[in-house]
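Below: the structure, in structure tokens.
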Amino acid sequence: MLRHVMCLLPALGLLVATASDDASAGLFRKKCCQSSCCETAPACGGCEAAACDSCSGGCGEAAASCCGTQTVTRTVMVPTYVTEMRTVTSTEYKKEERTRTYTVNKRVAIQEEKTQEYTVMVPETLTKTVNYTVSKPVWETKTSEYTVQVPYTENVTQTYTVNVPKYEEKTREYTVNVPYTEQVEQTYTVQVPSYSEKTVSYTVQVPYTENVEQSYTVNVPYTEARQGSRTVTKRVPVTTMKTITVRGGSWQTQTSEVACGASSGCGSNACGGGCGNSCGSCGSCGDACGCAPATRTVCKRVWVPTCEQKQVPCTTYQCVSEEVPYTYNVCLTRQEDRTRTVCVRKCRTETREKTVKVCKMVSEDRTRTVCVRKCRPETRTSTYKVCTMVPEERTRTICVRKCRTENRTREYKVCKMVCEQKSKEVQYTVCKPETRTRTYTVTRYECVPEEKTQTYTVCVPVQVEKQVEVKVCKMVAQEVQSEVSTGCGGSGCGSCGGSSACGGGCAAAPASSCGCN
């Protein structure tokens, strides 16, 4: 709607200009119907001799013939909307498929078998005798005296006071406010709206389009190969010598001389054959025969323990980091500057006027009747009871709890701990080192490069020209015919006819009554 009003403004301006030109040319000016003999003719801007004959009675007929309307043709510019086709350049994106080659490193697992010697501590259970001390409880009975409070009850007479209630009736007067309603005339003020018209100027932003050349930047992708390095961690076996303490030993044969016991008889060689086997023991035989007691050599195997330090190889795995170079592809973009023509929408500021209604509130006094609630005092009488407490003494028997002291005797046990020596056989474990061999599998990874091909899609900008329908407002010339008045009406000029109009009476009449402008 605003766009239509803006297109009609030039046409209205043209109509006002054309009307002002016609008025200056005399199309809307009233012509004087008097002849040159009239005294008012010079004041009217001249008379037409052809229209008026003389100052006689023919003035009225001439005036009637020169007064009336005529048809005038003029050209008016009328706004018309026309649809035109315009060429607009737009940017569209076209998809293109491209191919690139990149290298992928695959980790291939390689398994290897290795042999390792390790030492295991094998446990061995042994038995030994251990002496220990045990505390044994011994109970002893003792006697002690103690005092006890023995409770007993006793009846006692007690006097106490009780408050007994006593009621008495009394009368009192009180005042009550009794409500009632009363109608009162009240004056109040009301704000009544009053409307008036006011002309206000306002600003309108009128849109229009303008073609502007614009520079823009496009990122064009490309692939670039780069060298890089990655850190690869490997587990490397490291053998070190470790000092351990080994508890060993060996069985050794030891000899010792032991005196023979009572079971060994004296032979004939020991005592010269004098005693024989008659003596019961060597000692008795020696005493009887005069020879020394017999001894013998005993061989026994004894375990001799040893404690020595030994160097043992110990294999541990350490993580070793290594920088491995590799090649990878990077997708980058380069910037290209391009130019395009775009249609920019702009606005110009125009000041317009409009008539608005302004509302003002006018105070107006009015009267209304309202009901008012009021109260009147009334005196009333009521009877109430008053309670008074009267003390009264009474007697009661209560049971009192008391205690007497008694001496008593009791027996109790006292525990004493007595130490006693005991022995027991205890099993303990000794670990002996034992060398064993095991086979384990080690997995290592090697990077094998592999080339792959990838297809990807790129959006490439393309400038395309299109035909677009645009509505344009144009001013078209159009001829318009209208009726234009050429002078006064018949009644105005008829008043100038007769002897009164031309015989000196016309001079006294005003010029406007004769159709003069």
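The way I read the labels, and the way they are meant: chains A, B, ... in the order of the structure tokens, residue 1 as the first residue of every chain, and ligand 1 as the first ligand shown, with later ones counted on from there.
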
6 Å contact set for range 176-185 of chain A, only C-alpha atoms, chain neighbours under 5 positions out, as a list in words: Arg368, Thr369, Val370, Cys371, Val372, Arg373, Lys374, Cys375, Arg376, Pro377 and Glu378 of chain A

Could those selected residues go to a file with N, CA, C and O atoms, as a tab-separated table (two decimals), in the first residue's frame?
chain	number	residue	atom	x	y	z
A	368	ARG	N	-24.07	10.97	42.70
A	368	ARG	CA	-24.64	9.64	42.86
A	368	ARG	C	-25.07	9.45	44.31
A	368	ARG	O	-24.59	10.15	45.21
A	369	THR	N	-25.99	8.52	44.52
A	369	THR	CA	-26.50	8.21	45.85
A	369	THR	C	-25.91	6.88	46.28
A	369	THR	O	-26.07	5.86	45.58
A	370	VAL	N	-25.24	6.87	47.44
A	370	VAL	CA	-24.60	5.66	47.94
A	370	VAL	C	-25.16	5.33	49.32
A	370	VAL	O	-25.68	6.20	50.01
A	371	CYS	N	-25.06	4.05	49.68
A	371	CYS	CA	-25.51	3.58	50.99
A	371	CYS	C	-24.31	3.57	51.93
A	371	CYS	O	-23.29	2.94	51.63
A	372	VAL	N	-24.43	4.24	53.07
A	372	VAL	CA	-23.38	4.34	54.06
A	372	VAL	C	-23.76	3.49	55.27
A	372	VAL	O	-24.90	3.58	55.77
A	373	ARG	N	-22.81	2.67	55.70
A	373	ARG	CA	-23.06	1.80	56.86
A	373	ARG	C	-22.58	2.51	58.11
A	373	ARG	O	-21.41	2.86	58.22
A	374	LYS	N	-23.50	2.71	59.08
A	374	LYS	CA	-23.18	3.39	60.33
A	374	LYS	C	-23.58	2.51	61.51
A	374	LYS	O	-24.24	1.47	61.33
A	375	CYS	N	-23.16	2.91	62.71
A	375	CYS	CA	-23.45	2.16	63.94
A	375	CYS	C	-23.96	3.14	65.01
A	375	CYS	O	-23.44	4.26	65.14
A	376	ARG	N	-24.96	2.64	65.82
A	376	ARG	CA	-25.46	3.42	66.97
A	376	ARG	C	-25.20	2.61	68.24
A	376	ARG	O	-25.36	1.38	68.24
A	377	PRO	N	-24.80	3.23	69.33
A	377	PRO	CA	-24.50	2.48	70.56
A	377	PRO	C	-25.79	2.12	71.31
A	377	PRO	O	-26.73	2.90	71.38
A	378	GLU	N	-25.84	0.88	71.91
A	378	GLU	CA	-26.95	0.41	72.73
A	378	GLU	C	-26.38	-0.21	74.02
A	378	GLU	O	-25.38	-0.92	73.97

Shell of 7 Å around Tyr81 in chain A, only C-alpha atoms, local chain residues under 6 positions omitted, as number ranges by chain: A: 471-474

For the contact check between range 385-503 of chain A and range 162-171 of chain A, emit one row per residue of range 385-503 of chain A within 10 Å, containing the shortest atom pair and the distance in Å rounded to one decimal, counting only C-alpha atoms, chain then rising number order, as JSON lines.
{"residue": "A:Lys385", "atom": "CA", "partner": "A:Glu169", "partner_atom": "CA", "distance": 4.4}
{"residue": "A:Val386", "atom": "CA", "partner": "A:Glu168", "partner_atom": "CA", "distance": 5.1}
{"residue": "A:Cys387", "atom": "CA", "partner": "A:Tyr167", "partner_atom": "CA", "distance": 4.4}
{"residue": "A:Thr388", "atom": "CA", "partner": "A:Lys166", "partner_atom": "CA", "distance": 5.0}
{"residue": "A:Met389", "atom": "CA", "partner": "A:Pro165", "partner_atom": "CA", "distance": 4.4}
{"residue": "A:Val390", "atom": "CA", "partner": "A:Val164", "partner_atom": "CA", "distance": 5.1}
{"residue": "A:Pro391", "atom": "CA", "partner": "A:Asn163", "partner_atom": "CA", "distance": 4.3}
{"residue": "A:Glu392", "atom": "CA", "partner": "A:Val162", "partner_atom": "CA", "distance": 5.1}
{"residue": "A:Glu393", "atom": "CA", "partner": "A:Val162", "partner_atom": "CA", "distance": 6.2}
{"residue": "A:Arg394", "atom": "CA", "partner": "A:Val162", "partner_atom": "CA", "distance": 7.2}

May I have the residues from that selection written out with all heavy atoms, as a compact mmCIF listing (two decimals), in the first residue's frame?
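Written out: result.txt:
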# COMPACT_ATOMS: atom_id res chain seq x y z
N LYS A 385 -21.06 -15.73 86.20
CA LYS A 385 -20.65 -16.37 87.45
C LYS A 385 -19.18 -16.06 87.72
O LYS A 385 -18.34 -16.09 86.82
CB LYS A 385 -20.83 -17.89 87.38
CG LYS A 385 -22.28 -18.32 87.41
CD LYS A 385 -22.38 -19.84 87.44
CE LYS A 385 -23.84 -20.28 87.52
NZ LYS A 385 -23.94 -21.77 87.59
N VAL A 386 -18.89 -15.83 89.04
CA VAL A 386 -17.52 -15.56 89.48
C VAL A 386 -17.11 -16.71 90.40
O VAL A 386 -17.83 -17.07 91.35
CB VAL A 386 -17.43 -14.21 90.24
CG1 VAL A 386 -16.01 -13.99 90.75
CG2 VAL A 386 -17.87 -13.08 89.34
N CYS A 387 -15.95 -17.30 90.14
CA CYS A 387 -15.44 -18.45 90.91
C CYS A 387 -14.37 -17.96 91.87
O CYS A 387 -13.41 -17.31 91.45
CB CYS A 387 -14.89 -19.52 89.98
SG CYS A 387 -14.21 -20.93 90.87
N THR A 388 -14.51 -18.28 93.17
CA THR A 388 -13.54 -17.90 94.20
C THR A 388 -13.02 -19.18 94.85
O THR A 388 -13.80 -20.09 95.20
CB THR A 388 -14.19 -17.00 95.26
OG1 THR A 388 -14.77 -15.86 94.62
CG2 THR A 388 -13.16 -16.52 96.26
N MET A 389 -11.68 -19.29 95.02
CA MET A 389 -11.06 -20.47 95.62
C MET A 389 -10.91 -20.25 97.13
O MET A 389 -10.29 -19.28 97.58
CB MET A 389 -9.68 -20.73 95.01
CG MET A 389 -9.71 -20.86 93.50
SD MET A 389 -10.80 -22.17 92.91
CE MET A 389 -9.93 -23.59 93.50
N VAL A 390 -11.49 -21.19 97.94
CA VAL A 390 -11.46 -21.11 99.42
C VAL A 390 -10.52 -22.20 99.93
O VAL A 390 -10.73 -23.39 99.60
CB VAL A 390 -12.87 -21.28 100.01
CG1 VAL A 390 -12.82 -21.24 101.53
CG2 VAL A 390 -13.82 -20.21 99.47
N PRO A 391 -9.45 -21.87 100.73
CA PRO A 391 -8.54 -22.91 101.23
C PRO A 391 -9.21 -23.76 102.30
O PRO A 391 -9.97 -23.27 103.13
CB PRO A 391 -7.37 -22.11 101.80
CG PRO A 391 -7.93 -20.76 102.12
CD PRO A 391 -9.02 -20.50 101.13
N GLU A 392 -8.88 -25.11 102.30
CA GLU A 392 -9.46 -26.07 103.25
C GLU A 392 -8.37 -27.07 103.62
O GLU A 392 -7.68 -27.61 102.74
CB GLU A 392 -10.66 -26.78 102.62
CG GLU A 392 -11.32 -27.77 103.54
CD GLU A 392 -12.50 -28.44 102.86
OE1 GLU A 392 -13.07 -27.82 101.92
OE2 GLU A 392 -12.85 -29.57 103.23
N GLU A 393 -8.14 -27.32 104.95
CA GLU A 393 -7.10 -28.24 105.41
C GLU A 393 -7.66 -29.66 105.50
O GLU A 393 -8.76 -29.87 106.02
CB GLU A 393 -6.57 -27.80 106.77
CG GLU A 393 -5.74 -26.54 106.72
CD GLU A 393 -5.07 -26.23 108.06
OE1 GLU A 393 -5.33 -26.99 109.01
OE2 GLU A 393 -4.29 -25.27 108.10
N ARG A 394 -6.82 -30.66 105.03
CA ARG A 394 -7.22 -32.07 105.05
C ARG A 394 -6.03 -32.90 105.54
O ARG A 394 -4.89 -32.44 105.56
CB ARG A 394 -7.64 -32.53 103.65
CG ARG A 394 -8.90 -31.81 103.16
CD ARG A 394 -9.31 -32.34 101.80
NE ARG A 394 -10.49 -31.63 101.29
CZ ARG A 394 -11.06 -31.90 100.11
NH1 ARG A 394 -10.57 -32.86 99.33
NH2 ARG A 394 -12.12 -31.21 99.74

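Between CA of Thr351 in chain A and CA of Thr203 in chain A lies a distance of 4.5 Å.
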
Residues within 7 Å of range 210-215 of chain A, please, as a tab-separated table (two decimals) with all heavy atoms, in the first residue's frame. Count only C-alpha atoms; anything in the same chain fewer than 4 positions from it doesn't count.
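So the final result, stored in out26.tsv, reads:
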chain	number	residue	atom	x	y	z
A	337	ASP	N	40.93	-13.92	-5.07
A	337	ASP	CA	40.04	-12.75	-5.09
A	337	ASP	C	39.23	-12.76	-6.38
A	337	ASP	O	39.78	-12.90	-7.49
A	337	ASP	CB	40.86	-11.46	-5.01
A	337	ASP	CG	41.56	-11.34	-3.66
A	337	ASP	OD1	41.04	-11.91	-2.69
A	337	ASP	OD2	42.62	-10.68	-3.59
A	338	ARG	N	37.92	-12.60	-6.25
A	338	ARG	CA	37.01	-12.57	-7.40
A	338	ARG	C	36.07	-11.38	-7.25
A	338	ARG	O	35.95	-10.79	-6.18
A	338	ARG	CB	36.21	-13.88	-7.50
A	338	ARG	CG	37.12	-15.11	-7.69
A	338	ARG	CD	36.32	-16.37	-7.87
A	338	ARG	NE	37.20	-17.53	-8.03
A	338	ARG	CZ	36.76	-18.77	-8.21
A	338	ARG	NH1	35.44	-19.00	-8.28
A	338	ARG	NH2	37.62	-19.77	-8.34
A	339	THR	N	35.41	-11.03	-8.36
A	339	THR	CA	34.52	-9.87	-8.39
A	339	THR	C	33.15	-10.29	-8.90
A	339	THR	O	33.04	-11.10	-9.84
A	339	THR	CB	35.09	-8.77	-9.30
A	339	THR	OG1	36.43	-8.50	-8.90
A	339	THR	CG2	34.29	-7.49	-9.19
A	340	ARG	N	32.11	-9.70	-8.29
A	340	ARG	CA	30.74	-9.98	-8.72
A	340	ARG	C	29.89	-8.73	-8.50
A	340	ARG	O	30.26	-7.85	-7.72
A	340	ARG	CB	30.15	-11.14	-7.92
A	340	ARG	CG	30.05	-10.86	-6.43
A	340	ARG	CD	29.60	-12.07	-5.66
A	340	ARG	NE	29.63	-11.81	-4.21
A	340	ARG	CZ	29.45	-12.76	-3.29
A	340	ARG	NH1	29.24	-14.01	-3.67
A	340	ARG	NH2	29.51	-12.44	-2.00
A	341	THR	N	28.81	-8.67	-9.26
A	341	THR	CA	27.88	-7.55	-9.15
A	341	THR	C	26.65	-8.02	-8.38
A	341	THR	O	26.00	-8.99	-8.77
A	341	THR	CB	27.47	-7.03	-10.53
A	341	THR	OG1	28.65	-6.67	-11.25
A	341	THR	CG2	26.56	-5.83	-10.41
A	342	VAL	N	26.36	-7.32	-7.29
A	342	VAL	CA	25.24	-7.69	-6.45
A	342	VAL	C	24.26	-6.53	-6.41
A	342	VAL	O	24.62	-5.37	-6.61
A	342	VAL	CB	25.70	-8.04	-5.02
A	342	VAL	CG1	26.58	-9.27	-5.04
A	342	VAL	CG2	26.44	-6.88	-4.38
A	343	CYS	N	23.03	-6.90	-6.17
A	343	CYS	CA	21.95	-5.91	-6.08
A	343	CYS	C	21.78	-5.57	-4.60
A	343	CYS	O	21.38	-6.41	-3.80
A	343	CYS	CB	20.66	-6.46	-6.68
A	343	CYS	SG	19.32	-5.25	-6.75
A	344	VAL	N	22.10	-4.32	-4.23
A	344	VAL	CA	22.05	-3.87	-2.85
A	344	VAL	C	20.77	-3.09	-2.63
A	344	VAL	O	20.42	-2.20	-3.42
A	344	VAL	CB	23.28	-3.00	-2.51
A	344	VAL	CG1	23.22	-2.56	-1.07
A	344	VAL	CG2	24.56	-3.77	-2.78
A	345	ARG	N	20.07	-3.42	-1.58
A	345	ARG	CA	18.83	-2.75	-1.22
A	345	ARG	C	19.14	-1.62	-0.26
A	345	ARG	O	19.69	-1.83	0.80
A	345	ARG	CB	17.85	-3.74	-0.60
A	345	ARG	CG	16.45	-3.18	-0.39
A	345	ARG	CD	15.55	-4.24	0.20
A	345	ARG	NE	14.20	-3.77	0.38
A	345	ARG	CZ	13.25	-3.81	-0.53
A	345	ARG	NH1	13.53	-4.32	-1.72
A	345	ARG	NH2	12.03	-3.37	-0.29

Distance in Å - CA of Val236 in chain A versus CA of Val324 in chain A: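 CA of Val236 in chain A sits 16.7 Å away from CA of Val324 in chain A.
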
Å distance separating CA of Arg404 in chain A from CA of Asn155 in chain A, one decimal place: 16.0 Å

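DSSP on the backbone gives helix (DSSP H, G or I) for these parts of range 229-464 of chain A: A:Ser268, A:Asn269, A:Ala270, A:Cys271, A:Cys282, A:Gly283, A:Ser284, A:Cys285, A:Gly286, A:Asp287, A:Ala288, A:Cys289.
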
Store the residues picked out above in a file with N, CA and C atoms, as an mmCIF file, in the first residue's frame.
data_model
loop_
_atom_site.group_PDB
_atom_site.id
_atom_site.type_symbol
_atom_site.label_atom_id
_atom_site.label_comp_id
_atom_site.auth_asym_id
_atom_site.auth_seq_id
_atom_site.Cartn_x
_atom_site.Cartn_y
_atom_site.Cartn_z
ATOM 1 N N SER A 268 89.077 -111.613 74.856
ATOM 2 C CA SER A 268 90.302 -112.233 75.386
ATOM 3 C C SER A 268 91.516 -111.387 75.100
ATOM 4 N N ASN A 269 91.461 -110.580 73.972
ATOM 5 C CA ASN A 269 92.605 -109.733 73.653
ATOM 6 C C ASN A 269 92.676 -108.548 74.596
ATOM 7 N N ALA A 270 91.494 -108.052 75.086
ATOM 8 C CA ALA A 270 91.523 -106.873 75.948
ATOM 9 C C ALA A 270 92.105 -107.200 77.319
ATOM 10 N N CYS A 271 91.760 -108.301 77.846
ATOM 11 C CA CYS A 271 92.226 -108.603 79.205
ATOM 12 C C CYS A 271 93.194 -109.801 79.261
ATOM 13 N N CYS A 282 83.084 -103.512 80.838
ATOM 14 C CA CYS A 282 84.513 -103.295 80.677
ATOM 15 C C CYS A 282 85.099 -102.691 81.920
ATOM 16 N N GLY A 283 84.315 -101.844 82.562
ATOM 17 C CA GLY A 283 84.841 -101.222 83.770
ATOM 18 C C GLY A 283 85.126 -102.262 84.862
ATOM 19 N N SER A 284 84.178 -103.158 85.012
ATOM 20 C CA SER A 284 84.368 -104.178 86.038
ATOM 21 C C SER A 284 85.462 -105.156 85.664
ATOM 22 N N CYS A 285 85.560 -105.366 84.311
ATOM 23 C CA CYS A 285 86.609 -106.266 83.848
ATOM 24 C C CYS A 285 87.976 -105.659 84.072
ATOM 25 N N GLY A 286 88.065 -104.368 83.807
ATOM 26 C CA GLY A 286 89.355 -103.692 84.004
ATOM 27 C C GLY A 286 89.772 -103.730 85.456
ATOM 28 N N ASP A 287 88.756 -103.564 86.273
ATOM 29 C CA ASP A 287 89.102 -103.590 87.695
ATOM 30 C C ASP A 287 89.544 -104.988 88.126
ATOM 31 N N ALA A 288 88.922 -105.972 87.508
ATOM 32 C CA ALA A 288 89.264 -107.337 87.913
ATOM 33 C C ALA A 288 90.553 -107.816 87.280
ATOM 34 N N CYS A 289 90.755 -107.402 86.024
ATOM 35 C CA CYS A 289 91.901 -107.925 85.284
ATOM 36 C C CYS A 289 93.041 -106.948 85.218
#

Near-range 107-115 of chain A list (6 Å; only C-alpha atoms; drop same-chain fewer than 5 positions) as a PyMOL selection string: chain A and resi 438-447

Kindly save the residues from that selection, with C-alpha atoms included, as a PDB file, in the first residue's frame.
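Just written: again18.pdb:
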ATOM      1  CA  ARG A 438      61.033 -71.161  30.200  1.00  0.00           C
ATOM      2  CA  THR A 439      60.088 -70.204  26.658  1.00  0.00           C
ATOM      3  CA  TYR A 440      58.007 -67.064  26.013  1.00  0.00           C
ATOM      4  CA  THR A 441      56.688 -65.291  22.926  1.00  0.00           C
ATOM      5  CA  VAL A 442      57.532 -61.646  22.220  1.00  0.00           C
ATOM      6  CA  THR A 443      55.373 -59.638  19.824  1.00  0.00           C
ATOM      7  CA  ARG A 444      56.863 -56.661  18.013  1.00  0.00           C
ATOM      8  CA  TYR A 445      55.158 -54.390  15.525  1.00  0.00           C
ATOM      9  CA  GLU A 446      56.542 -53.062  12.263  1.00  0.00           C
ATOM     10  CA  CYS A 447      54.979 -50.200  10.278  1.00  0.00           C
TER      11      CYS A 447
END

Contacts of Arg352 in chain A at 9 Å (only C-alpha atoms; same-chain gap of 3+ positions) as a PyMOL selection string: chain A and resi 200-204

Nearest to Glu323 in chain A by atom-to-atom distance, counting only C-alpha atoms, from A:Val104, A:Val232, A:Ala225, A:Val218: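 Under the stated criterion, the closest residue is A:Val232.
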
Selection: 12 Å around Thr409 in chain A, only C-alpha atoms, excl. self and same-chain fewer than 6 positions, as a PyMOL selection string: chain A and resi 142-148

Include N, CA and C atoms and write out the residues we just selected as a PDB file, in the first residue's frame.
ATOM      1  N   LYS A 142      39.458 -65.440  99.312  1.00  0.00           N
ATOM      2  CA  LYS A 142      39.638 -64.471 100.382  1.00  0.00           C
ATOM      3  C   LYS A 142      38.284 -63.999 100.874  1.00  0.00           C
ATOM      4  N   THR A 143      38.247 -63.410 102.131  1.00  0.00           N
ATOM      5  CA  THR A 143      37.015 -62.934 102.757  1.00  0.00           C
ATOM      6  C   THR A 143      37.129 -61.440 103.003  1.00  0.00           C
ATOM      7  N   SER A 144      35.986 -60.676 102.733  1.00  0.00           N
ATOM      8  CA  SER A 144      35.961 -59.223 102.985  1.00  0.00           C
ATOM      9  C   SER A 144      34.613 -58.836 103.571  1.00  0.00           C
ATOM     10  N   GLU A 145      34.576 -57.750 104.401  1.00  0.00           N
ATOM     11  CA  GLU A 145      33.363 -57.219 104.990  1.00  0.00           C
ATOM     12  C   GLU A 145      32.954 -55.953 104.245  1.00  0.00           C
ATOM     13  N   TYR A 146      31.590 -55.743 104.120  1.00  0.00           N
ATOM     14  CA  TYR A 146      31.075 -54.574 103.416  1.00  0.00           C
ATOM     15  C   TYR A 146      29.763 -54.149 104.052  1.00  0.00           C
ATOM     16  N   THR A 147      29.354 -52.889 103.814  1.00  0.00           N
ATOM     17  CA  THR A 147      28.155 -52.286 104.390  1.00  0.00           C
ATOM     18  C   THR A 147      27.089 -52.171 103.322  1.00  0.00           C
ATOM     19  N   VAL A 148      25.800 -52.513 103.693  1.00  0.00           N
ATOM     20  CA  VAL A 148      24.677 -52.492 102.764  1.00  0.00           C
ATOM     21  C   VAL A 148      23.575 -51.645 103.352  1.00  0.00           C
TER      22      VAL A 148
END

Enumerate, as a short mmCIF file (atom, residue, chain, number, x, y, z; two decimals) with C-alpha atoms, in the first residue's frame, the complete set of residues in range 195-274 of chain A that a backbone-based DSSP assignment places in strand (DSSP E).
data_model
loop_
_atom_site.label_atom_id
_atom_site.label_comp_id
_atom_site.auth_asym_id
_atom_site.auth_seq_id
_atom_site.Cartn_x
_atom_site.Cartn_y
_atom_site.Cartn_z
CA TYR A 195 -10.80 13.81 20.77
CA SER A 196 -9.19 16.38 18.44
CA GLU A 197 -7.36 16.11 15.12
CA LYS A 198 -3.70 17.06 14.79
CA THR A 199 -1.29 17.09 11.84
CA VAL A 200 1.96 15.23 12.58
CA SER A 201 5.10 14.99 10.44
CA TYR A 202 6.80 11.58 10.26
CA THR A 203 9.74 10.06 8.43
CA VAL A 204 9.45 7.10 6.05
CA GLN A 205 12.30 4.94 4.75
CA VAL A 206 11.60 4.37 1.02
CA PRO A 207 13.48 1.31 -0.30
CA TYR A 208 15.29 1.23 -3.64
CA THR A 209 17.84 -1.10 -5.24
CA GLU A 210 21.29 -0.32 -6.61
CA ASN A 211 23.80 -2.54 -8.43
CA VAL A 212 27.18 -2.52 -6.67
CA GLU A 213 30.37 -4.28 -7.72
CA GLN A 214 31.67 -6.42 -4.85
CA SER A 215 34.98 -8.21 -4.30
CA TYR A 216 35.00 -11.51 -2.42
CA THR A 217 37.53 -14.18 -1.54
CA VAL A 218 37.15 -17.90 -2.33
CA ASN A 219 39.11 -20.65 -0.58
CA VAL A 220 40.29 -23.17 -3.23
CA PRO A 221 41.40 -26.52 -1.73
CA TYR A 222 44.64 -28.32 -2.67
CA THR A 223 46.65 -31.23 -1.25
CA GLU A 224 50.22 -30.92 0.05
CA ALA A 225 52.54 -33.75 1.18
CA ARG A 226 54.45 -33.17 4.41
CA GLN A 227 57.10 -35.05 6.36
CA GLY A 228 56.51 -35.87 10.00
CA SER A 229 57.82 -38.14 12.71
CA ARG A 230 56.08 -40.19 15.33
CA THR A 231 57.39 -41.63 18.57
CA VAL A 232 57.40 -45.46 18.65
CA THR A 233 57.98 -47.18 21.98
CA LYS A 234 59.59 -50.63 22.04
CA ARG A 235 60.26 -53.03 24.90
CA VAL A 236 64.00 -53.96 24.88
CA PRO A 237 65.36 -56.72 27.17
CA VAL A 238 68.24 -55.59 29.44
CA THR A 239 70.31 -58.20 31.34
CA THR A 240 71.97 -57.12 34.58
CA MET A 241 73.85 -59.07 37.26
CA LYS A 242 72.17 -59.28 40.64
CA THR A 243 73.85 -60.32 43.87
CA ILE A 244 71.81 -62.76 45.95
CA THR A 245 72.55 -64.59 49.19
CA VAL A 246 72.32 -68.41 48.84
CA ARG A 247 71.96 -70.61 51.88
CA GLY A 248 73.73 -73.89 51.06
CA GLY A 249 75.79 -76.58 52.77
CA SER A 250 77.15 -80.11 52.42
CA TRP A 251 77.08 -83.42 54.21
CA GLN A 252 80.43 -84.14 55.90
CA THR A 253 81.67 -87.27 57.71
CA GLN A 254 83.03 -86.63 61.20
CA THR A 255 84.74 -89.20 63.50
CA SER A 256 84.68 -89.22 67.27
CA GLU A 257 85.72 -91.64 70.02
CA VAL A 258 82.99 -92.94 72.24
CA ALA A 259 83.41 -95.16 75.35
#
